[in-house]
Amino acid sequence: MGFGMYGSARGRSLDAPLGRGFAFADFPPLLAAAAGRRAAGFFAAFFAVVFFAGRFMARNLPHGSNVSQRRRRVGLGMGLALVLLAAAASAADDPRIADLVKAGAMRVALDVANPLLAARNPITADYQGLTVGMANALGARAGVPVRLLPYTAPPEIVDALRDKALDVGFLAIDPARVAVVDFSPPIVEVDNAYLISPGASIREVGEIDGAGVRIAVVKGYGADLFLSGALRRASIVRSPDLAAAVDLVVIGQAEVAAGHLPSLRALAPRLPGARLLVDRFIGETYGIAVPKGQRARLGFVTEFVEDAKRSGFIRRGIEELGLEGVRVAR
């Protein structure tokens with residue numbers, strides 16, 4: 001499947017081990033450190049050797065050969081085992097996540113109402129998407145299993161983090177939420193856009209805020225938060241998800257739908273003749289949220305995010321998923 005961790009909640013494959021200590025250039029120090037951790041270190045070293053040997057053989061055999069394909073699968077499987085075992089060996093030594101190690105799992109919120117972040121495969125029932133890959137990699141980094149918990153609205157995730165019912169969650173970074181949760185540095189930036197009804201006279205972004213213009217948004221999401229404070233003449237119509245917002249335009253109860261560019265582009269065929277106006281009107285960024293005041297966990301997550309950006313892990317996920325209008329945050 002290629003960049004498998006983004007394609008399945010099970011994280012069955014890993015093309016490029018993520019994070020400091022898992023890159024090929026840092027492998028010798030990792031191996032040396034792991035060797036001193038008794039059984040865990042021994043197995044990490046063993047699987048490491050098998051992993052890199054498998055990848056070498058796969059890349060030096062004809063790509064179409066059955067042997068090559070088998071070597072790739074073995075190499076990738078051993079790579080995931082290396083990540084999990086080496087991380088488990090080192091996680092117990094990191095006091096920042098001692099509570100997660102003791103609990104034996106990491107509870108991660110998935111915003112399944114936002115297909116840009118996560119969605120359920122209708123065939124396999126697995127969750128898949130950018131945040132699924134990030135969650136799997138974060139769990140591997142901590143050395144604990146990940147429990148993916150679906151939510152259908154950002155306010156629910158914020159409330160659960162406040163009540164300590166979650167360990168981390170993926171959310172748009174918004175000043176109103178900073179009072180309740182703490183955020184990592186931004187992971188990705190997302191372009192937003194307007195889908196204009198074919199019967200509307202709007203031709204430019206500057207005409208959006210016009211008298212009598214009704215703009216359908218997803219309740220509680222970035223477009224809602226931004227436009228509610230920015231509009232002077234147009235009115236907001238709130239929907240449970242972006243598909244429902246577009247449907248309001250289809251049936252004539254709104255002239256415009258506002259939201260993420262990739263999702264609106266995918267929904268545009270529902271409205272033949274509609275126009276898509278791209279406008280980075282929000283400059284929306286997403287990060288990993290943790291319960292307020294947990295500085296140690298925030299430090300661990302922040303280090304993970306910076307390594308994920310620096311290593312190219314996030315960029316590869318965006319490319320494999322074909323997420324137009326999404327880029328790695330600076």
# chains A, B, ... in the order shown; residues from 1 in each chain; ligands from 1
call {"tool": "residues_around", "arguments": {"residues": "Ala244 in chain A", "least_positions_apart": "4", "cutoff": "10 Å", "atoms": "only C-alpha atoms", "output": "short mmCIF file (atom, residue, chain, number, x, y, z; two decimals) with C-alpha atoms, in the first residue's frame"}}
result
data_model
loop_
_atom_site.label_atom_id
_atom_site.label_comp_id
_atom_site.auth_asym_id
_atom_site.auth_seq_id
_atom_site.Cartn_x
_atom_site.Cartn_y
_atom_site.Cartn_z
CA ALA A 216 -23.42 27.41 4.63
CA VAL A 217 -20.65 26.28 6.99
CA VAL A 218 -19.92 23.35 9.30
CA ARG A 238 -24.78 26.07 10.03
CA SER A 239 -24.68 22.38 9.12
CA PRO A 240 -23.42 19.21 10.82
CA LEU A 248 -28.12 23.46 1.35
CA VAL A 249 -26.73 25.18 -1.73
CA VAL A 250 -28.11 22.42 -3.95
CA ALA A 257 -20.75 26.79 0.97
#
call {"tool": "closest_atom_pairs", "arguments": {"of": "range 112-206 of chain A", "to": "range 290-301 of chain A", "cutoff": "6 Å", "atoms": "only C-alpha atoms", "output": "JSON lines"}}
result
{"residue": "A:Leu161", "atom": "CA", "partner": "A:Pro291", "partner_atom": "CA", "distance": 5.0}
{"residue": "A:Arg162", "atom": "CA", "partner": "A:Pro291", "partner_atom": "CA", "distance": 5.7}
{"residue": "A:Val168", "atom": "CA", "partner": "A:Val290", "partner_atom": "CA", "distance": 4.8}
{"residue": "A:Val180", "atom": "CA", "partner": "A:Lys292", "partner_atom": "CA", "distance": 5.9}
{"residue": "A:Val181", "atom": "CA", "partner": "A:Lys292", "partner_atom": "CA", "distance": 4.3}
{"residue": "A:Asp182", "atom": "CA", "partner": "A:Lys292", "partner_atom": "CA", "distance": 5.2}
call {"tool": "closest_residue", "arguments": {"among": "A:Gly252, A:Tyr286, A:Ser311, A:Gly322", "to": "Asp174 in chain A", "atoms": "only C-alpha atoms"}}
result
A:Tyr286
call {"tool": "closest_residue", "arguments": {"among": "A:Ala289, A:Gly143, A:Val278, A:Leu195", "to": "Gly169 in chain A", "atoms": "only C-alpha atoms"}}
result
A:Ala289
call {"tool": "closest_residue", "arguments": {"among": "A:Ala137, A:Leu166, A:Val146, A:Val132", "to": "Val101 in chain A", "atoms": "only C-alpha atoms"}}
result
A:Val146
call {"tool": "closest_atom_pairs", "arguments": {"of": "range 238-307 of chain A", "to": "range 113-126 of chain A", "cutoff": "9 Å", "atoms": "only C-alpha atoms", "output": "CSV"}}
result
residue,atom,partner,partner_atom,distance
A:Pro240,CA,A:Ala113,CA,8.2
A:Asp241,CA,A:Ala113,CA,6.3
A:Leu242,CA,A:Asn114,CA,8.0
A:His260,CA,A:Leu116,CA,8.0
A:Pro262,CA,A:Leu116,CA,7.4
A:Ser263,CA,A:Leu116,CA,6.8
call {"tool": "residues_around", "arguments": {"residues": "Ala135 in chain A", "least_positions_apart": "3", "cutoff": "10 Å", "atoms": "only C-alpha atoms", "output": "count of residues only"}}
result
24
call {"tool": "atom_distance", "arguments": {"atom1": "CA of Gly273 in chain A", "atom2": "CA of Asn192 in chain A"}}
result
19.5 Å
call {"tool": "atom_distance", "arguments": {"atom1": "CA of Lys102 in chain A", "atom2": "CA of Val305 in chain A"}}
result
22.7 Å
call {"tool": "closest_residue", "arguments": {"among": "A:Pro155, A:Gly259, A:Gly317, A:Gly133", "to": "Leu227 in chain A", "atoms": "only C-alpha atoms"}}
result
A:Gly259
call {"tool": "closest_residue", "arguments": {"among": "A:Ala200, A:Ala193, A:Phe226, A:Tyr221", "to": "Glu324 in chain A", "atoms": "only C-alpha atoms"}}
result
A:Ala193
call {"tool": "select_by_dssp", "arguments": {"residues": "range 135-302 of chain A", "states": "strand (DSSP E or B)", "output": "JSON, numbers by chain"}}
result
{"A": [146, 147, 148, 149, 150, 151, 168, 169, 170, 171, 172, 181, 182, 183, 188, 189, 190, 192, 193, 194, 195, 196, 214, 215, 216, 217, 218, 235, 236, 237, 238, 239, 256, 257, 258, 259, 260, 275, 276, 277, 278, 284, 285, 286, 287, 288, 289, 290, 291]}
call {"tool": "atom_distance", "arguments": {"atom1": "CA of Ile314 in chain A", "atom2": "CA of Asn136 in chain A"}}
result
12.5 Å
call {"tool": "closest_residue", "arguments": {"among": "A:Leu321, A:Leu171, A:Leu225, A:Ala268", "to": "Ile187 in chain A", "atoms": "only C-alpha atoms"}}
result
A:Leu171
